[in-house]
$ cat my_file10.txt   # compact mmCIF, C-alpha atoms and all ligand atoms
# COMPACT_ATOMS: atom_id res chain seq x y z
CA MET O 1 -47.21 -45.45 -10.67
CA PRO O 2 -48.55 -45.00 -7.12
CA THR O 3 -48.79 -41.38 -6.01
CA VAL O 4 -47.18 -40.19 -2.78
CA ILE O 5 -48.95 -37.23 -1.17
CA VAL O 6 -47.33 -35.44 1.78
CA VAL O 7 -49.51 -33.19 3.93
CA HIS O 8 -47.61 -30.52 5.78
CA SER O 9 -48.11 -27.24 7.62
CA PHE O 10 -45.92 -24.62 9.21
CA ARG O 11 -47.99 -24.42 12.38
CA ARG O 12 -49.44 -27.12 14.58
CA GLY O 13 -53.13 -27.89 14.63
CA THR O 14 -53.98 -26.80 11.10
CA GLY O 15 -55.82 -30.06 10.32
CA LYS O 16 -53.14 -32.29 8.71
CA THR O 17 -54.08 -35.52 10.47
CA SER O 18 -57.83 -34.96 10.00
CA LEU O 19 -57.30 -34.29 6.30
CA VAL O 20 -55.15 -37.39 5.82
CA ALA O 21 -57.66 -39.61 7.68
CA ASN O 22 -60.65 -38.25 5.74
CA LEU O 23 -58.96 -38.49 2.33
CA ALA O 24 -57.85 -42.04 3.13
CA ALA O 25 -61.39 -43.08 4.06
CA LEU O 26 -62.78 -41.56 0.84
CA LEU O 27 -60.08 -43.27 -1.23
CA ALA O 28 -60.77 -46.68 0.34
CA ARG O 29 -64.51 -46.15 -0.30
CA ALA O 30 -63.59 -45.45 -3.94
CA GLY O 31 -61.80 -48.82 -4.11
CA LYS O 32 -58.20 -47.62 -3.76
CA ARG O 33 -55.45 -49.42 -1.88
CA VAL O 34 -54.08 -46.73 0.41
CA GLY O 35 -50.90 -46.54 2.47
CA LEU O 36 -50.76 -44.23 5.48
CA VAL O 37 -47.51 -43.11 7.06
CA ASP O 38 -47.45 -41.21 10.34
CA LEU O 39 -44.30 -39.13 10.12
CA ASN O 40 -45.36 -36.90 12.99
CA ILE O 41 -42.74 -38.39 15.27
CA GLU O 42 -43.22 -35.56 17.76
CA SER O 43 -46.94 -35.90 18.27
CA PRO O 44 -48.23 -39.06 16.58
CA SER O 45 -51.99 -39.50 16.32
CA LEU O 46 -52.91 -40.98 12.95
CA HIS O 47 -53.44 -44.50 14.34
CA TYR O 48 -56.03 -43.19 16.82
CA ALA O 49 -58.14 -41.92 13.91
CA PHE O 50 -58.36 -45.52 12.70
CA GLY O 51 -59.12 -47.00 16.11
CA LEU O 52 -55.70 -48.67 16.37
CA LYS O 53 -54.70 -48.80 20.03
CA ASP O 54 -51.07 -48.67 21.19
CA SER O 55 -51.64 -51.96 23.02
CA ALA O 56 -52.25 -53.60 19.62
CA ILE O 57 -49.02 -52.26 18.09
CA THR O 58 -45.80 -54.23 18.39
CA CYS O 59 -43.67 -52.35 15.82
CA TYR O 60 -43.73 -48.69 14.83
CA LEU O 61 -42.29 -46.67 11.97
CA ASN O 62 -39.59 -45.58 14.46
CA ASP O 63 -38.49 -49.23 14.74
CA VAL O 64 -38.37 -49.56 10.94
CA LEU O 65 -36.26 -46.41 10.60
CA ARG O 66 -33.73 -47.70 13.11
CA GLN O 67 -33.77 -51.10 11.40
CA ALA O 68 -35.20 -52.91 14.41
CA CYS O 69 -38.05 -54.42 12.40
CA SER O 70 -39.28 -54.79 8.84
CA VAL O 71 -41.80 -52.52 7.09
CA GLU O 72 -44.16 -55.49 6.97
CA GLN O 73 -43.97 -55.99 10.75
CA ALA O 74 -44.90 -52.33 11.33
CA THR O 75 -47.78 -52.26 8.83
CA TYR O 76 -51.34 -52.54 10.19
CA ASP O 77 -54.41 -53.23 8.07
CA VAL O 78 -56.97 -50.74 9.44
CA THR O 79 -59.59 -51.18 6.72
CA THR O 80 -62.09 -52.63 9.18
CA SER O 81 -62.12 -49.32 11.09
CA LEU O 82 -64.38 -48.02 8.30
CA GLN O 83 -68.09 -48.56 8.77
CA GLY O 84 -69.45 -51.62 6.95
CA SER O 85 -67.23 -52.84 4.15
CA ALA O 86 -65.13 -50.73 1.80
CA PRO O 87 -63.92 -51.98 -1.59
CA GLY O 88 -60.41 -50.58 -1.01
CA LYS O 89 -57.74 -51.16 1.63
CA LEU O 90 -55.99 -49.07 4.29
CA TYR O 91 -52.50 -49.97 5.49
CA LEU O 92 -51.02 -47.85 8.25
CA LEU O 93 -47.45 -47.39 9.47
CA PRO O 94 -47.93 -45.77 12.89
CA ALA O 95 -45.41 -43.57 14.71
CA SER O 96 -44.51 -44.38 18.28
CA THR O 97 -46.15 -42.68 21.23
CA ARG O 98 -43.56 -44.16 23.64
CA PHE O 99 -41.81 -41.38 25.53
CA LEU O 100 -38.31 -42.74 24.85
CA ASP O 101 -38.99 -43.14 21.12
CA ILE O 102 -40.28 -39.59 20.83
CA SER O 103 -37.35 -38.18 22.73
CA MET O 104 -34.86 -40.25 20.65
CA ALA O 105 -36.54 -39.23 17.40
CA LEU O 106 -36.43 -35.57 18.36
CA LYS O 107 -32.79 -35.66 19.46
CA GLY O 108 -31.30 -38.00 16.87
CA ASP O 109 -30.37 -37.47 13.26
CA PHE O 110 -33.20 -38.46 11.00
CA ASP O 111 -32.28 -41.27 8.61
CA SER O 112 -33.78 -39.96 5.37
CA GLU O 113 -32.39 -42.91 3.40
CA ALA O 114 -34.33 -45.30 5.63
CA LEU O 115 -37.53 -43.37 4.87
CA ASP O 116 -36.71 -43.36 1.16
CA ALA O 117 -36.46 -47.16 1.28
CA CYS O 118 -39.48 -47.65 3.51
CA ILE O 119 -42.19 -46.10 1.33
CA PRO O 120 -41.45 -48.11 -1.86
CA GLU O 121 -41.44 -51.26 0.30
CA LEU O 122 -44.82 -50.33 1.81
CA ILE O 123 -46.14 -49.80 -1.73
CA GLU O 124 -44.74 -53.06 -3.03
CA ASN O 125 -45.79 -55.21 -0.04
CA ASN O 126 -49.41 -54.06 -0.28
CA GLN O 127 -49.81 -53.26 -3.98
CA LEU O 128 -50.78 -49.70 -3.12
CA ASP O 129 -52.36 -47.11 -5.44
CA ILE O 130 -51.56 -44.14 -3.25
CA VAL O 131 -49.63 -43.21 -0.09
CA LEU O 132 -50.61 -40.37 2.25
CA VAL O 133 -47.95 -39.07 4.62
CA ASP O 134 -48.91 -37.08 7.73
CA THR O 135 -46.07 -34.89 9.00
CA ARG O 136 -45.20 -32.73 11.97
CA ALA O 137 -45.43 -28.98 11.80
CA GLY O 138 -42.39 -26.85 10.99
CA LEU O 139 -39.35 -27.58 8.93
CA THR O 140 -37.43 -30.47 10.42
CA ASP O 141 -35.16 -33.15 8.92
CA ASP O 142 -37.94 -35.74 8.79
CA THR O 143 -40.30 -33.36 7.01
CA LEU O 144 -37.60 -32.28 4.56
CA ALA O 145 -36.95 -35.94 3.72
CA ALA O 146 -40.66 -36.46 3.03
CA ILE O 147 -40.94 -33.29 0.94
CA ALA O 148 -37.95 -34.35 -1.13
CA MET O 149 -39.61 -37.63 -2.14
CA THR O 150 -43.24 -36.62 -2.63
CA ASP O 151 -45.20 -36.37 -5.88
CA ILE O 152 -47.67 -33.90 -4.41
CA LEU O 153 -47.02 -31.63 -1.46
CA CYS O 154 -50.17 -30.27 0.18
CA ILE O 155 -49.45 -27.34 2.44
CA ILE O 156 -52.34 -26.61 4.74
CA LEU O 157 -52.72 -23.28 6.52
CA ARG O 158 -55.14 -21.22 8.55
CA PRO O 159 -55.97 -17.59 7.77
CA ASP O 160 -53.55 -16.23 10.34
CA ALA O 161 -50.70 -13.75 9.85
CA GLN O 162 -48.05 -15.88 11.58
CA ASP O 163 -49.08 -18.92 9.57
CA PHE O 164 -48.91 -16.96 6.29
CA GLN O 165 -45.38 -15.80 7.05
CA GLY O 166 -44.03 -19.21 8.13
CA THR O 167 -45.70 -20.98 5.23
CA ALA O 168 -43.77 -18.77 2.79
CA VAL O 169 -40.53 -20.45 3.93
CA THR O 170 -41.95 -23.92 3.24
CA VAL O 171 -43.26 -22.90 -0.17
CA ASP O 172 -39.87 -21.48 -1.09
CA LEU O 173 -38.13 -24.66 0.02
CA ALA O 174 -40.58 -26.89 -1.88
CA ARG O 175 -39.80 -24.91 -5.02
CA ARG O 176 -36.08 -25.28 -4.47
CA LEU O 177 -36.52 -29.03 -3.98
CA ASP O 178 -38.46 -29.19 -7.28
CA VAL O 179 -41.54 -30.84 -5.76
CA PRO O 180 -43.50 -32.03 -8.82
CA ARG O 181 -46.82 -30.56 -7.64
CA LEU O 182 -47.39 -28.05 -4.88
CA ILE O 183 -50.89 -27.46 -3.61
CA MET O 184 -52.16 -25.08 -0.96
CA ILE O 185 -55.19 -25.81 1.19
CA GLY O 186 -56.85 -23.21 3.41
CA ASN O 187 -58.51 -24.67 6.50
CA LEU O 188 -60.36 -23.73 9.67
CA VAL O 189 -61.65 -20.50 8.16
CA PRO O 190 -64.09 -18.85 10.59
CA LYS O 191 -67.56 -18.30 9.22
CA THR O 192 -67.19 -14.52 9.42
CA TYR O 193 -64.57 -14.74 6.64
CA ASN O 194 -65.30 -14.93 2.95
CA LEU O 195 -63.90 -18.25 1.64
CA ALA O 196 -63.31 -16.92 -1.88
CA GLU O 197 -61.34 -13.96 -0.51
CA VAL O 198 -59.17 -16.24 1.64
CA THR O 199 -58.48 -18.42 -1.43
CA LYS O 200 -57.50 -15.34 -3.42
CA GLU O 201 -55.22 -14.14 -0.64
CA ILE O 202 -53.42 -17.51 -0.50
CA GLU O 203 -53.07 -17.53 -4.30
CA THR O 204 -51.66 -14.04 -4.52
CA THR O 205 -49.32 -14.54 -1.55
CA TYR O 206 -47.71 -17.78 -2.77
CA HIS O 207 -48.43 -17.75 -6.52
CA CYS O 208 -49.54 -21.34 -6.45
CA GLU O 209 -52.57 -23.50 -6.89
CA VAL O 210 -55.12 -23.43 -4.06
CA ALA O 211 -56.97 -26.74 -4.23
CA ILE O 212 -59.63 -25.79 -1.72
CA THR O 213 -60.40 -23.52 1.21
CA LEU O 214 -62.37 -25.25 3.94
CA PRO O 215 -64.47 -23.57 6.59
CA LEU O 216 -64.22 -24.20 10.30
CA ASN O 217 -66.80 -26.94 10.71
CA PRO O 218 -68.24 -27.11 14.26
CA ASP O 219 -69.32 -30.76 13.76
CA MET O 220 -65.75 -31.69 12.93
CA MET O 221 -64.44 -29.96 16.01
CA THR O 222 -66.67 -31.95 18.32
CA LEU O 223 -65.87 -35.34 16.79
CA SER O 224 -63.91 -37.77 18.96
CA SER O 225 -60.37 -38.48 17.71
CA ALA O 226 -61.51 -42.02 16.81
CA ASP O 227 -64.18 -40.78 14.39
CA ILE O 228 -63.58 -39.85 10.76
CA PHE O 229 -65.87 -37.04 9.61
CA VAL O 230 -66.68 -38.41 6.14
CA GLU O 231 -67.59 -41.78 7.66
CA VAL O 232 -69.94 -40.30 10.23
CA ASN O 233 -71.38 -37.65 7.85
CA PRO O 234 -71.31 -39.14 4.34
CA GLU O 235 -74.00 -36.77 3.05
CA SER O 236 -72.60 -33.55 4.53
CA PRO O 237 -71.63 -30.68 2.16
CA PHE O 238 -68.23 -30.72 3.93
CA THR O 239 -67.76 -34.36 2.81
CA GLN O 240 -68.64 -33.26 -0.71
CA GLU O 241 -65.95 -30.56 -0.49
CA LEU O 242 -63.39 -33.18 0.52
CA LYS O 243 -64.43 -35.39 -2.41
CA THR O 244 -63.91 -32.42 -4.74
CA LEU O 245 -60.45 -31.93 -3.24
CA LEU O 246 -59.66 -35.58 -3.82
CA ASP O 247 -60.72 -35.39 -7.47
CA HIS O 248 -58.47 -32.38 -7.80
CA LEU O 249 -55.53 -34.23 -6.24
CA ILE O 250 -55.69 -37.51 -8.10
CA LEU O 251 -56.85 -36.42 -11.54
N1 LIG I 301 -62.19 -27.72 8.91
C1 LIG I 301 -62.22 -27.98 10.21
N2 LIG I 301 -63.23 -27.52 10.99
C2 LIG I 301 -63.27 -27.77 12.32
N3 LIG I 301 -62.35 -28.46 12.97
C3 LIG I 301 -61.31 -28.95 12.26
C4 LIG I 301 -61.18 -28.75 10.85
N4 LIG I 301 -60.02 -29.34 10.45
C5 LIG I 301 -59.49 -29.90 11.55
N5 LIG I 301 -60.23 -29.66 12.64
C6 LIG I 301 -59.99 -30.02 14.05
O1 LIG I 301 -58.83 -29.30 14.46
C7 LIG I 301 -58.10 -30.06 15.41
C8 LIG I 301 -56.65 -30.18 14.93
O2 LIG I 301 -56.67 -31.00 13.76
P1 LIG I 301 -55.51 -32.04 13.47
O3 LIG I 301 -55.16 -32.84 14.67
O4 LIG I 301 -55.90 -32.76 12.24
O5 LIG I 301 -54.33 -31.01 13.16
P2 LIG I 301 -52.81 -31.33 12.88
O6 LIG I 301 -52.35 -30.34 11.89
O7 LIG I 301 -52.64 -32.75 12.54
O8 LIG I 301 -52.17 -31.05 14.31
P3 LIG I 301 -50.66 -31.37 14.77
O9 LIG I 301 -49.81 -30.33 14.12
O10 LIG I 301 -50.71 -31.24 16.27
O11 LIG I 301 -50.34 -32.75 14.31
C9 LIG I 301 -58.82 -31.39 15.56
O12 LIG I 301 -59.64 -31.33 16.68
C10 LIG I 301 -59.65 -31.48 14.27
O13 LIG I 301 -60.82 -32.25 14.44
MG MG I 302 -51.43 -34.21 13.37

$ encode --input "my_file10.txt" --output "structure tokens"
Amino acid sequence: MPTVIVVHSFRRGTGKTSLVANLAALLARAGKRVGLVDLNIESPSLHYAFGLKDSAITCYLNDVLRQACSVEQATYDVTTSLQGSAPGKLYLLPASTRFLDISMALKGDFDSEALDACIPELIENNQLDIVLVDTRAGLTDDTLAAIAMTDILCIILRPDAQDFQGTAVTVDLARRLDVPRLIMIGNLVPKTYNLAEVTKEIETTYHCEVAITLPLNPDMMTLSSADIFVEVNPESPFTQELKTLLDHLIL
């Protein structure tokens, strides 16, 4: 059975999109057929990470959800964005950056049934092994719909008091929704902090599994949005950390 992994955070800018893009690249390098869904309808950016320009997109996830096009029409094969050839595949459902679409998506009721139908279709159309869903920060209808259908929920947070408090609400909700596997990921930890202590603090605060705590990596910060860290730095210890995280997630 293909695994659906939703990456979420309470606050913006915790590293959701970067994590999804990097894990997807590693998975495709490992020969997996990967689906990518940009559910950040407020601030979409996943397609930029794979070099997919808006001018090349005719249908978005937003169009699928309002039944204006099929899942197939809104699916883009972005495998060639990886350097050289990869044995796996990457299929992306981008979210719209059009002003009207964003404003409609933010105002309107989110059709969770349409999302429920869309992901199995994406899996079936492309014979996927795994689907990664990037979300928007905070608890909104679209995110709740994704959390309700995921196999693994990864909640990513920074070592910051406000983030710790807000994240507690999401963790509580995930438990009430009976998410099969809940995983915490610490990210953007300044180098003056002790990573093991931050991990321990996350564990004791939420009483759940911490898959990894990642440092603030200056090389990652200076990357352009069209570059994927693990592709540009395959030998970096940070890439190794992300591979360890992946083993943890899919084993
Ligand atoms: N471990 C890290 N070290 C350094 N920079 C990082 C790290 N993780 C992510 N970043 C950088 O932080 C910024 C925000 O990351 P990203 O866009 O992935 O966050 P996000 O959670 O998707 O944001 P949003 O909530 O706006 O969608 C980006 O510039 C990214 O390159
Ligand atoms: Mg993002």

$ residues_around --input "my_file10.txt" --residues "range 230-240 of chain O" --least-positions-apart "2" --cutoff "9 Å" --atoms "all atoms listed in the file" --output "ChimeraX atom specification"
/O:22-23,25-26,82-83,214-215,217,227-228,242-245

$ residues_near_ligand --input "my_file10.txt" --ligand "ligand MG 302 (chain I)" --cutoff "7 Å" --atoms "all atoms listed in the file" --output "list of chain:residue names"
O:Gly13, O:Gly15, O:Lys16, O:Thr17, O:Asn40, O:Ser43, O:Pro44, O:Ser45, O:Leu46, O:Asp134, O:Thr135, O:Arg136

$ residues_around --input "my_file10.txt" --residues "Ala168 in chain O" --least-positions-apart "5" --cutoff "9 Å" --atoms "all atoms listed in the file" --output "ChimeraX atom specification"
/O:10,163,173,205-206

$ atom_distance --input "my_file10.txt" --atom1 "CA of Ala30 in chain O" --atom2 "CA of Asp77 in chain O"
17.0 Å

$ residues_near_point --input "my_file10.txt" --point "(-52.7, -49.7, -5.4)" --cutoff "10 Å" --atoms "all atoms listed in the file" --output "PyMOL selection string"
chain O and resi 1-3+31-35+88-89+123-124+126-131

$ closest_residue --input "my_file10.txt" --among "O:Phe50, O:Arg11, O:Ile212, O:Ile152" --to "Ala174 in chain O" --atoms "only C-alpha atoms"
O:Ile152

$ closest_residue --input "my_file10.txt" --among "O:Arg29, O:Lys53, O:Lys191, O:Arg66" --to "ligand LIG 301 (chain I)" --atoms "all atoms listed in the file"
O:Lys191

$ closest_residue --input "my_file10.txt" --among "O:Cys208, O:Leu188, O:Ala24, O:Leu39" --to "ligand LIG 301 (chain I)" --atoms "all atoms listed in the file"
O:Leu188

$ closest_residue --input "my_file10.txt" --among "O:Gln73, O:Pro180, O:Cys154, O:His207" --to "Leu249 in chain O" --atoms "all atoms listed in the file"
O:Cys154

$ atom_distance --input "my_file10.txt" --atom1 "atom O12 of ligand LIG 301 (chain I)" --atom2 "CA of Thr222 in chain O"
7.2 Å

$ atom_distance --input "my_file10.txt" --atom1 "CA of Glu201 in chain O" --atom2 "atom N4 of ligand LIG 301 (chain I)"
19.4 Å

$ axis_aligned_box --input "my_file10.txt" --around "ligand LIG 301 (chain I)" --padding-each-side "8 Å" --output "lines of an AutoDock Vina configuration file"
center_x = -56.5
center_y = -30.2
center_z = 12.8
size_x = 29.5
size_y = 21.3
size_z = 23.8

$ closest_residue --input "my_file10.txt" --among "O:Asp160, O:Glu42, O:Asp142, O:Glu203" --to "ligand LIG 301 (chain I)" --atoms "all atoms listed in the file"
O:Glu42

$ closest_residue --input "my_file10.txt" --among "O:Thr213, O:Thr167, O:Asn187, O:Thr199" --to "ligand LIG 301 (chain I)" --atoms "all atoms listed in the file"
O:Asn187

$ residues_around --input "my_file10.txt" --residues "Ala146 in chain O" --least-positions-apart "3" --cutoff "12 Å" --atoms "only C-alpha atoms" --output "short mmCIF file (atom, residue, chain, number, x, y, z; two decimals) with C-alpha atoms, in the coordinates of the input"
data_model
loop_
_atom_site.label_atom_id
_atom_site.label_comp_id
_atom_site.auth_asym_id
_atom_site.auth_seq_id
_atom_site.Cartn_x
_atom_site.Cartn_y
_atom_site.Cartn_z
CA VAL O 4 -47.18 -40.19 -2.78
CA ILE O 5 -48.95 -37.23 -1.17
CA VAL O 6 -47.33 -35.44 1.78
CA VAL O 7 -49.51 -33.19 3.93
CA HIS O 8 -47.61 -30.52 5.78
CA VAL O 37 -47.51 -43.11 7.06
CA ASP O 38 -47.45 -41.21 10.34
CA LEU O 39 -44.30 -39.13 10.12
CA ASN O 40 -45.36 -36.90 12.99
CA PHE O 110 -33.20 -38.46 11.00
CA ASP O 111 -32.28 -41.27 8.61
CA SER O 112 -33.78 -39.96 5.37
CA GLU O 113 -32.39 -42.91 3.40
CA ALA O 114 -34.33 -45.30 5.63
CA LEU O 115 -37.53 -43.37 4.87
CA ASP O 116 -36.71 -43.36 1.16
CA ALA O 117 -36.46 -47.16 1.28
CA CYS O 118 -39.48 -47.65 3.51
CA ILE O 119 -42.19 -46.10 1.33
CA VAL O 131 -49.63 -43.21 -0.09
CA LEU O 132 -50.61 -40.37 2.25
CA VAL O 133 -47.95 -39.07 4.62
CA ASP O 134 -48.91 -37.08 7.73
CA THR O 135 -46.07 -34.89 9.00
CA ARG O 136 -45.20 -32.73 11.97
CA LEU O 139 -39.35 -27.58 8.93
CA THR O 140 -37.43 -30.47 10.42
CA ASP O 141 -35.16 -33.15 8.92
CA ASP O 142 -37.94 -35.74 8.79
CA THR O 143 -40.30 -33.36 7.01
CA MET O 149 -39.61 -37.63 -2.14
CA THR O 150 -43.24 -36.62 -2.63
CA ASP O 151 -45.20 -36.37 -5.88
CA ILE O 152 -47.67 -33.90 -4.41
CA LEU O 153 -47.02 -31.63 -1.46
CA CYS O 154 -50.17 -30.27 0.18
CA ALA O 174 -40.58 -26.89 -1.88
CA LEU O 177 -36.52 -29.03 -3.98
CA VAL O 179 -41.54 -30.84 -5.76
#

$ build_atoms --input "my_file10.txt" --residues "range 188-202 of chain O" --atoms "N, CA and C atoms" --output "PDB file, keeping the file's coordinate frame"
ATOM      1  N   LEU O 188     -59.915 -24.320   8.394  1.00  0.00           N
ATOM      2  CA  LEU O 188     -60.360 -23.730   9.670  1.00  0.00           C
ATOM      3  C   LEU O 188     -60.680 -22.249   9.520  1.00  0.00           C
ATOM      4  N   VAL O 189     -61.311 -21.906   8.407  1.00  0.00           N
ATOM      5  CA  VAL O 189     -61.650 -20.500   8.160  1.00  0.00           C
ATOM      6  C   VAL O 189     -62.944 -20.164   8.914  1.00  0.00           C
ATOM      7  N   PRO O 190     -62.884 -19.202   9.826  1.00  0.00           N
ATOM      8  CA  PRO O 190     -64.090 -18.850  10.590  1.00  0.00           C
ATOM      9  C   PRO O 190     -65.221 -18.384   9.684  1.00  0.00           C
ATOM     10  N   LYS O 191     -66.448 -18.572  10.141  1.00  0.00           N
ATOM     11  CA  LYS O 191     -67.560 -18.300   9.220  1.00  0.00           C
ATOM     12  C   LYS O 191     -67.750 -16.805   8.932  1.00  0.00           C
ATOM     13  N   THR O 192     -67.107 -15.954   9.704  1.00  0.00           N
ATOM     14  CA  THR O 192     -67.190 -14.520   9.420  1.00  0.00           C
ATOM     15  C   THR O 192     -66.307 -14.118   8.224  1.00  0.00           C
ATOM     16  N   TYR O 193     -65.449 -15.036   7.777  1.00  0.00           N
ATOM     17  CA  TYR O 193     -64.570 -14.740   6.640  1.00  0.00           C
ATOM     18  C   TYR O 193     -65.256 -15.158   5.338  1.00  0.00           C
ATOM     19  N   ASN O 194     -64.820 -14.542   4.259  1.00  0.00           N
ATOM     20  CA  ASN O 194     -65.300 -14.930   2.950  1.00  0.00           C
ATOM     21  C   ASN O 194     -64.307 -15.952   2.356  1.00  0.00           C
ATOM     22  N   LEU O 195     -64.800 -17.173   2.085  1.00  0.00           N
ATOM     23  CA  LEU O 195     -63.900 -18.250   1.640  1.00  0.00           C
ATOM     24  C   LEU O 195     -63.169 -17.902   0.345  1.00  0.00           C
ATOM     25  N   ALA O 196     -63.914 -17.268  -0.584  1.00  0.00           N
ATOM     26  CA  ALA O 196     -63.310 -16.920  -1.880  1.00  0.00           C
ATOM     27  C   ALA O 196     -62.181 -15.897  -1.685  1.00  0.00           C
ATOM     28  N   GLU O 197     -62.393 -14.969  -0.753  1.00  0.00           N
ATOM     29  CA  GLU O 197     -61.340 -13.960  -0.510  1.00  0.00           C
ATOM     30  C   GLU O 197     -60.103 -14.588   0.118  1.00  0.00           C
ATOM     31  N   VAL O 198     -60.326 -15.561   1.018  1.00  0.00           N
ATOM     32  CA  VAL O 198     -59.170 -16.240   1.640  1.00  0.00           C
ATOM     33  C   VAL O 198     -58.398 -17.011   0.558  1.00  0.00           C
ATOM     34  N   THR O 199     -59.137 -17.678  -0.329  1.00  0.00           N
ATOM     35  CA  THR O 199     -58.480 -18.420  -1.430  1.00  0.00           C
ATOM     36  C   THR O 199     -57.625 -17.476  -2.257  1.00  0.00           C
ATOM     37  N   LYS O 200     -58.207 -16.338  -2.603  1.00  0.00           N
ATOM     38  CA  LYS O 200     -57.500 -15.340  -3.420  1.00  0.00           C
ATOM     39  C   LYS O 200     -56.240 -14.849  -2.716  1.00  0.00           C
ATOM     40  N   GLU O 201     -56.364 -14.637  -1.410  1.00  0.00           N
ATOM     41  CA  GLU O 201     -55.220 -14.140  -0.640  1.00  0.00           C
ATOM     42  C   GLU O 201     -54.088 -15.178  -0.636  1.00  0.00           C
ATOM     43  N   ILE O 202     -54.456 -16.455  -0.490  1.00  0.00           N
ATOM     44  CA  ILE O 202     -53.420 -17.510  -0.500  1.00  0.00           C
ATOM     45  C   ILE O 202     -52.762 -17.548  -1.883  1.00  0.00           C
TER      46      ILE O 202
END
